[in-house]
Structures are given as structure tokens and as C-alpha cells.
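Data file: work-v2.txt. Format and content: compact mmCIF, C-alpha atoms.
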# COMPACT_ATOMS: atom_id res chain seq x y z
CA GLU A 28 44.05 -0.01 37.13
CA ALA A 29 43.81 -3.61 36.04
CA ALA A 30 41.33 -4.16 33.23
CA VAL A 31 39.43 -7.17 31.93
CA THR A 32 37.11 -6.51 29.00
CA GLN A 33 34.47 -8.95 27.82
CA SER A 34 32.51 -8.90 24.60
CA PRO A 35 29.74 -9.03 23.76
CA ARG A 36 27.97 -7.92 26.92
CA ASN A 37 24.74 -9.57 25.82
CA LYS A 38 24.11 -12.34 23.33
CA VAL A 39 21.06 -14.28 22.24
CA THR A 40 21.49 -17.42 20.16
CA VAL A 41 19.40 -20.39 19.13
CA THR A 42 19.76 -23.96 20.29
CA GLY A 43 22.49 -25.62 18.27
CA GLY A 44 24.09 -22.32 17.41
CA ASN A 45 27.78 -21.46 17.54
CA VAL A 46 28.88 -18.77 19.99
CA THR A 47 32.24 -17.26 20.91
CA LEU A 48 32.70 -15.14 24.00
CA SER A 49 35.78 -12.94 24.08
CA CYS A 50 37.92 -11.72 26.92
CA ARG A 51 40.92 -9.43 26.83
CA GLN A 52 43.08 -8.39 29.76
CA THR A 53 45.65 -5.64 29.71
CA ASN A 54 47.21 -6.57 33.03
CA SER A 55 50.06 -8.73 31.69
CA HIS A 56 48.68 -11.55 33.83
CA ASN A 57 49.53 -15.14 33.07
CA TYR A 58 46.38 -16.68 34.51
CA MET A 59 42.97 -16.27 32.95
CA TYR A 60 39.64 -17.91 33.82
CA TRP A 61 36.12 -18.40 32.55
CA TYR A 62 33.31 -18.74 35.11
CA ARG A 63 29.56 -19.07 34.76
CA GLN A 64 27.17 -17.69 37.33
CA ASP A 65 23.69 -19.11 37.85
CA THR A 66 21.12 -18.40 40.50
CA GLY A 67 21.63 -20.79 43.39
CA HIS A 68 25.08 -21.86 42.24
CA GLY A 69 27.38 -18.92 42.67
CA LEU A 70 30.27 -18.82 40.19
CA ARG A 71 31.60 -22.06 38.76
CA LEU A 72 34.86 -22.49 36.91
CA ILE A 73 34.60 -23.68 33.30
CA HIS A 74 38.17 -23.44 31.93
CA TYR A 75 41.37 -21.62 32.76
CA SER A 76 44.79 -21.00 31.31
CA TYR A 77 48.33 -20.41 32.51
CA GLY A 78 49.42 -18.62 29.38
CA ALA A 79 49.22 -18.45 25.62
CA GLY A 80 48.51 -21.87 24.16
CA ASN A 81 47.74 -23.43 27.56
CA LEU A 82 44.32 -24.71 28.55
CA GLN A 83 43.15 -26.35 31.76
CA ILE A 84 39.81 -27.94 32.54
CA GLY A 85 37.73 -26.45 35.31
CA ASP A 86 34.84 -27.86 37.30
CA VAL A 87 32.01 -27.58 34.73
CA PRO A 88 33.68 -27.95 31.29
CA ASP A 89 31.07 -30.03 29.46
CA GLY A 90 29.82 -28.32 26.31
CA TYR A 91 32.55 -25.70 26.31
CA LYS A 92 35.86 -25.26 24.57
CA ALA A 93 38.34 -22.49 25.20
CA THR A 94 41.38 -21.10 23.49
CA ARG A 95 44.11 -18.76 24.71
CA THR A 96 45.58 -17.21 21.60
CA THR A 97 47.83 -14.63 23.27
CA GLN A 98 48.64 -13.60 26.80
CA GLU A 99 45.88 -11.00 26.50
CA ASP A 100 43.08 -12.95 24.83
CA PHE A 101 41.02 -15.87 26.12
CA PHE A 102 37.98 -17.14 24.22
CA LEU A 103 35.12 -19.38 25.31
CA LEU A 104 33.47 -21.40 22.55
CA LEU A 105 30.05 -22.99 22.56
CA GLU A 106 29.84 -25.02 19.35
CA LEU A 107 26.35 -26.47 19.89
CA ALA A 108 24.67 -24.13 22.32
CA SER A 109 21.93 -25.53 24.54
CA PRO A 110 19.36 -23.79 26.78
CA SER A 111 21.22 -25.13 29.83
CA GLN A 112 24.08 -22.83 28.87
CA THR A 113 21.94 -19.75 29.37
CA SER A 114 23.94 -17.98 32.04
CA LEU A 115 26.04 -14.99 33.04
CA TYR A 116 29.67 -15.57 32.09
CA PHE A 117 32.61 -13.89 33.78
CA CYS A 118 36.21 -13.76 32.66
CA ALA A 119 38.99 -13.07 35.14
CA SER A 120 42.75 -12.69 35.30
CA THR A 121 45.31 -12.79 38.07
CA GLN A 122 49.00 -12.77 38.78
CA GLY A 123 48.82 -12.93 42.55
CA THR A 124 46.28 -12.92 45.35
CA GLU A 125 43.92 -10.41 43.72
CA VAL A 126 41.69 -11.56 40.89
CA PHE A 127 40.25 -9.05 38.41
CA PHE A 128 36.91 -9.75 36.80
CA GLY A 129 35.23 -8.47 33.68
CA LYS A 130 31.68 -7.09 33.74
CA GLY A 131 30.20 -10.29 32.39
CA THR A 132 28.44 -11.54 29.27
CA ARG A 133 24.80 -12.50 29.55
CA LEU A 134 24.11 -15.36 27.14
CA THR A 135 20.61 -16.54 26.37
CA VAL A 136 20.07 -19.71 24.36
CA VAL A 137 16.51 -19.97 23.05
CA GLY B 26 36.43 -30.95 47.37
CA ASP B 27 36.39 -27.44 48.73
CA SER B 28 33.09 -25.70 49.40
CA VAL B 29 31.70 -22.40 50.65
CA THR B 30 28.26 -21.99 52.20
CA GLN B 31 26.32 -18.76 52.46
CA THR B 32 23.10 -19.48 54.28
CA GLU B 33 21.20 -16.35 53.24
CA GLY B 34 20.14 -15.99 49.63
CA GLN B 35 18.78 -12.52 50.21
CA VAL B 36 18.99 -10.04 53.07
CA THR B 37 16.93 -6.87 53.42
CA VAL B 38 18.11 -4.22 55.88
CA SER B 39 17.07 -0.69 56.65
CA GLU B 40 19.62 2.03 56.08
CA SER B 41 21.87 2.71 59.10
CA LYS B 42 21.15 -0.72 60.60
CA SER B 43 23.78 -3.40 61.15
CA LEU B 44 24.45 -6.30 58.81
CA ILE B 45 25.87 -9.76 59.04
CA ILE B 46 26.16 -12.19 56.14
CA ASN B 47 27.19 -15.67 57.18
CA CYS B 48 29.88 -17.68 55.44
CA THR B 49 31.35 -21.04 56.38
CA TYR B 50 33.87 -23.05 54.42
CA SER B 51 35.24 -26.52 54.04
CA ALA B 52 38.70 -26.86 52.55
CA THR B 53 39.96 -30.34 51.84
CA SER B 54 42.80 -29.31 49.53
CA ILE B 55 44.54 -27.13 52.07
CA ALA B 56 44.28 -26.56 55.81
CA TYR B 57 44.26 -22.75 55.72
CA PRO B 58 42.95 -21.36 52.44
CA ASN B 59 42.89 -17.72 51.46
CA LEU B 60 39.46 -16.21 52.14
CA PHE B 61 37.73 -13.44 50.23
CA TRP B 62 34.59 -11.38 50.01
CA TYR B 63 33.69 -10.17 46.53
CA VAL B 64 30.89 -7.72 45.68
CA ARG B 65 28.99 -7.24 42.44
CA TYR B 66 27.12 -3.98 41.97
CA PRO B 67 24.39 -3.85 39.31
CA GLY B 68 25.87 -3.90 35.82
CA GLU B 69 29.41 -4.33 37.08
CA GLY B 70 31.88 -7.19 37.39
CA LEU B 71 32.94 -8.70 40.68
CA GLN B 72 35.19 -6.52 42.79
CA LEU B 73 37.33 -7.63 45.65
CA LEU B 74 35.88 -6.25 48.88
CA LEU B 75 38.35 -7.73 51.33
CA LYS B 76 40.67 -10.66 51.78
CA VAL B 77 42.39 -12.45 54.64
CA ILE B 78 45.13 -14.97 54.06
CA THR B 79 46.14 -15.63 57.67
CA ALA B 80 43.94 -17.54 60.07
CA GLY B 81 42.88 -15.43 63.04
CA GLN B 82 43.27 -12.13 61.22
CA LYS B 83 40.57 -9.60 60.34
CA GLY B 84 40.14 -7.85 57.02
CA SER B 85 38.28 -4.60 56.52
CA SER B 86 37.26 -2.32 53.69
CA ARG B 87 34.61 0.37 53.09
CA GLY B 88 33.23 -0.18 56.61
CA PHE B 89 32.88 -3.94 56.13
CA GLU B 90 34.92 -6.41 58.13
CA ALA B 91 35.37 -10.17 58.34
CA THR B 92 37.45 -12.35 60.66
CA TYR B 93 39.09 -15.60 59.56
CA ASN B 94 38.02 -18.09 62.24
CA LYS B 95 39.73 -21.43 61.73
CA GLU B 96 38.02 -23.04 64.72
CA THR B 97 34.54 -22.52 63.39
CA THR B 98 35.71 -22.39 59.72
CA SER B 99 33.77 -19.18 59.29
CA PHE B 100 34.34 -15.84 57.59
CA HIS B 101 31.20 -13.80 58.29
CA LEU B 102 30.85 -10.35 56.75
CA GLN B 103 29.70 -7.53 59.04
CA LYS B 104 28.97 -3.85 58.82
CA ALA B 105 27.80 -1.66 61.67
CA SER B 106 25.73 0.75 59.59
CA VAL B 107 24.73 -0.01 56.01
CA GLN B 108 23.95 2.52 53.30
CA GLU B 109 21.63 2.27 50.34
CA SER B 110 24.71 2.22 48.08
CA ASP B 111 25.76 -1.08 49.67
CA SER B 112 22.92 -2.83 47.83
CA ALA B 113 24.69 -5.49 45.77
CA VAL B 114 25.43 -9.21 45.60
CA TYR B 115 28.10 -10.43 48.01
CA TYR B 116 30.12 -13.59 47.43
CA CYS B 117 32.29 -15.40 49.92
CA ALA B 118 35.14 -17.35 48.29
CA LEU B 119 38.25 -19.31 49.03
CA THR B 120 41.32 -20.29 47.12
CA ASN B 121 44.36 -22.36 47.62
CA THR B 122 47.64 -20.68 48.28
CA GLY B 123 50.22 -20.69 45.52
CA ALA B 124 50.25 -19.13 42.10
CA ASN B 125 46.91 -20.29 40.73
CA THR B 126 44.89 -18.08 43.06
CA GLY B 127 42.21 -17.30 40.50
CA LYS B 128 40.85 -20.83 40.88
CA LEU B 129 38.25 -19.70 43.38
CA THR B 130 35.51 -21.66 45.07
CA PHE B 131 32.50 -19.40 45.58
CA GLY B 132 29.46 -19.45 47.76
CA HIS B 133 26.08 -18.99 46.11
CA GLY B 134 26.02 -15.27 46.80
CA THR B 135 23.80 -13.14 49.03
CA ILE B 136 21.69 -10.35 47.58
CA LEU B 137 21.72 -7.37 49.92
CA ARG B 138 18.91 -4.86 49.61
CA VAL B 139 19.18 -1.75 51.72
CA HIS B 140 16.06 0.38 51.86
CA PRO B 141 15.92 3.96 53.05
For the structure just supplied, provide its representation as C-alpha cells.
Amino acid sequence: EAAVTQSPRNKVTVTGGNVTLSCRQTNSHNYMYWYRQDTGHGLRLIHYSYGAGNLQIGDVPDGYKATRTTQEDFFLLLELASPSQTSLYFCASTQGTEVFFGKGTRLTVV
Amino acid sequence: GDSVTQTEGQVTVSESKSLIINCTYSATSIAYPNLFWYVRYPGEGLQLLLKVITAGQKGSSRGFEATYNKETTSFHLQKASVQESDSAVYYCALTNTGANTGKLTFGHGTILRVHP
């Protein structure tokens, strides 16, 4: 069974704070993605990667950086968190037509 | 760009009744995208419910079905008899063909509440 693990599952930070969301997949997939999910918007793509060291910009990248350190690990970085980044974040991986999602990280910026 | 529209934000249905969740799409990047329904149960990540990659075909899973209609650009989700355990958030999505199939365009999601 394909697995995508996100950590932490919940995070509260202050405005201006520095946050790193982690994602690890054990599927040997090349493609990994970070989405955010907000009420009334569905899921929106922030960044994605084709493989270790690769980074591609998604549809809503402003305020986010990402880094793919290995094939397994994909990190989302918020260096100056703002309340508008309060959201539910999902990581995903794929190597074909099926995409596997993690359980999500709920981030609250106060 | 591509877009997916789900007209219902929330649907409430009595157990054993039928269900339809509407989904229409607009794909400018490709004529016939791959179409998906994902489901998110409370506390869980998104799971693939069903997919159809050929226009005119029907996909089915766990009693749900959806038909890829290229004439009306629709992919409505239906179930003849819902159960309380079907309560979840349902997302319609599309993607281009090719290798980068995780670059999904999602609808806003429909919250399904099934009451006994």
C-alpha cells in the first residue's frame, strides 16, 4: 500500500514565524506535490517536484518555498507566516494515474 | 486555464436514498482530460474513489458511479442508495494526460451528510 506521511498533523504559529511542513513518501514515486485546501476553494497547488533537487511552481506559490532533499522527502517552508496561510495542507505523490495523498497538516497562524 | 465546478457545497440525504453530486469541467489545456472523484473521510487524507480516462466511459467503485460525458463536459457522481458511512467530502478533479498526473485541478468539494 502506497504511503504518504505528513508531519506535524497540527501546528500553531504566530504571524511572522518560521514553519516547515514535512512530507515523506515510501512509494518510490518521482512526483510530489503540496496543496492547500480552504473552504470554498477546493485544493490548490502550491509547489511540486519531479525528483530530488527539482522544484516547480504551482498555482498559488506566493509566500511559500519548497525543497525536495531526496526522492522520499518534500518540505514546504513558510519563512514569514501570515494569517492568510492558515489552511489545511496536503502532500501527494504519484508515478502514474493514481495520486496518493497524506492525511494533511492543519496550520493555524495567529 | 482548466476548471472544475461543483454546484453543491453541501448535500444532506437520508440513508438508503439516492444521491447525485454534480460536476462540470472546462479543460483548455487538453481536449479530453482524465477525470476523477476523490473522497476525504474525517481525519483522513484524500482517497481516489473512481477515475475515468476515456470519454464516454463509466467508472464505478463502492456503489458510486460516474460517466464521462464529453458533450456536456460533465462527470456527475451518483449512488442509488447511500449509507451513513458515505458521509464525507467529495471532490471532482481533472488532470492532463502524460506523466505529471498529480497536477490536479479540483472542484471546491461537496460535503455529504447522510442521516439515519
Could the residues of chain A within 9 Å of chain B, counting all atoms listed in the file, be given as a compact mmCIF listing (two decimals) with C-alpha atoms, in the frame of the given file, please?
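Output contents, as saved in out26.txt:
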# COMPACT_ATOMS: atom_id res chain seq x y z
CA TYR A 58 46.38 -16.68 34.51
CA MET A 59 42.97 -16.27 32.95
CA TYR A 60 39.64 -17.91 33.82
CA GLN A 64 27.17 -17.69 37.33
CA ASP A 65 23.69 -19.11 37.85
CA THR A 66 21.12 -18.40 40.50
CA GLY A 67 21.63 -20.79 43.39
CA HIS A 68 25.08 -21.86 42.24
CA GLY A 69 27.38 -18.92 42.67
CA LEU A 70 30.27 -18.82 40.19
CA ARG A 71 31.60 -22.06 38.76
CA LEU A 72 34.86 -22.49 36.91
CA TYR A 75 41.37 -21.62 32.76
CA TYR A 77 48.33 -20.41 32.51
CA GLY A 85 37.73 -26.45 35.31
CA PHE A 117 32.61 -13.89 33.78
CA ALA A 119 38.99 -13.07 35.14
CA SER A 120 42.75 -12.69 35.30
CA THR A 121 45.31 -12.79 38.07
CA GLN A 122 49.00 -12.77 38.78
CA GLY A 123 48.82 -12.93 42.55
CA THR A 124 46.28 -12.92 45.35
CA GLU A 125 43.92 -10.41 43.72
CA VAL A 126 41.69 -11.56 40.89
CA PHE A 127 40.25 -9.05 38.41
CA PHE A 128 36.91 -9.75 36.80
CA GLY A 129 35.23 -8.47 33.68
CA LYS A 130 31.68 -7.09 33.74
CA GLY A 131 30.20 -10.29 32.39
Between CA of Val31 in chain A and CA of Gln52 in chain A, what is the distance in Å, rounded to a tenth?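 Between these atoms lies a distance of 4.4 Å.
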May I ask which of the residues B:Asp111, B:Ser85, B:Val36, B:Leu119 is the closest one to Ser54 in chain B, counting all atoms listed in the file?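 Of all the options, B:Leu119 lies closest to Ser54 in chain B.
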Just checking: using all atoms listed in the file, which residue out of A:Phe102, A:Thr132, A:Thr94, A:Gln112 ends up closest to Ser49 in chain A?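 Distance minimum relative to Ser49 in chain A lands on A:Phe102.
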Could you state the separation of CA of Ile136 in chain B and CA of Ala108 in chain A in Å, given to one decimal place? 28.9 Å
Please measure the separation of CA of Asn45 in chain A and CA of Phe101 in chain A, giving the value in Å to one decimal.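 Taking CA of Asn45 in chain A as the start and CA of Phe101 in chain A as the end point, the length is 16.7 Å.
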Residue with the minimum atom-to-atom distance to Arg138 in chain B, picked from B:Ala91, B:Glu96, B:Asp27, B:Thr37 with only C-alpha atoms counted, is B:Thr37
Of the candidates A:Leu134, A:Val39, A:Ala30, A:Ala79, which shows the shortest atom-to-atom distance to Asp100 in chain A, using all atoms listed in the file?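 Among the listed residues, the smallest separation from Asp100 in chain A belongs to A:Ala79.
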Env of Ser39 in chain B: 8 Å cut, atoms = only C-alpha atoms, seq-sep filter 2 positions within chain, self excluded. Answer as an MDAnalysis selection string. chainID B and resid 37 41:42 107 139:141
Within 12 Å of (43.5, -12.3, 59.5), only C-alpha atoms: residues as a PDB file with C-alpha atoms, in the coordinates of the input?
ATOM      1  CA  TYR B  57      44.260 -22.750  55.720  1.00  0.00           C
ATOM      2  CA  PRO B  58      42.950 -21.360  52.440  1.00  0.00           C
ATOM      3  CA  ASN B  59      42.890 -17.720  51.460  1.00  0.00           C
ATOM      4  CA  LEU B  60      39.460 -16.210  52.140  1.00  0.00           C
ATOM      5  CA  PHE B  61      37.730 -13.440  50.230  1.00  0.00           C
ATOM      6  CA  LEU B  75      38.350  -7.730  51.330  1.00  0.00           C
ATOM      7  CA  LYS B  76      40.670 -10.660  51.780  1.00  0.00           C
ATOM      8  CA  VAL B  77      42.390 -12.450  54.640  1.00  0.00           C
ATOM      9  CA  ILE B  78      45.130 -14.970  54.060  1.00  0.00           C
ATOM     10  CA  THR B  79      46.140 -15.630  57.670  1.00  0.00           C
ATOM     11  CA  ALA B  80      43.940 -17.540  60.070  1.00  0.00           C
ATOM     12  CA  GLY B  81      42.880 -15.430  63.040  1.00  0.00           C
ATOM     13  CA  GLN B  82      43.270 -12.130  61.220  1.00  0.00           C
ATOM     14  CA  LYS B  83      40.570  -9.600  60.340  1.00  0.00           C
ATOM     15  CA  GLY B  84      40.140  -7.850  57.020  1.00  0.00           C
ATOM     16  CA  SER B  85      38.280  -4.600  56.520  1.00  0.00           C
ATOM     17  CA  GLU B  90      34.920  -6.410  58.130  1.00  0.00           C
ATOM     18  CA  ALA B  91      35.370 -10.170  58.340  1.00  0.00           C
ATOM     19  CA  THR B  92      37.450 -12.350  60.660  1.00  0.00           C
ATOM     20  CA  TYR B  93      39.090 -15.600  59.560  1.00  0.00           C
ATOM     21  CA  ASN B  94      38.020 -18.090  62.240  1.00  0.00           C
ATOM     22  CA  LYS B  95      39.730 -21.430  61.730  1.00  0.00           C
ATOM     23  CA  SER B  99      33.770 -19.180  59.290  1.00  0.00           C
ATOM     24  CA  PHE B 100      34.340 -15.840  57.590  1.00  0.00           C
TER      25      PHE B 100
END
Nearest to Gly43 in chain A, chosen from A:Ser55, A:Ser76, A:Gln83, A:Ser109, with all atoms listed in the file counted in the distances: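 Selected residue with least distance to Gly43 in chain A: A:Ser109.
Distances here use all atoms listed in the file; by that measure, the residue among B:Thr49, B:Thr32, B:Gly88, B:Glu40 closest to His101 in chain B is B:Thr49.
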Neighbour residues at most 9 Å from (32.5, -24.7, 24.1) (only C-alpha atoms) as a ChimeraX atom specification: /A:45-47,88-93,103-108
So that I can see what lies close to Val137 in chain A, please list as a PyMOL selection string the residues with an atom at most 9 Å from it, counting all atoms listed in the file and leaving out residues fewer than 3 positions away in the same chain. chain A and resi 39-42+109-110+113
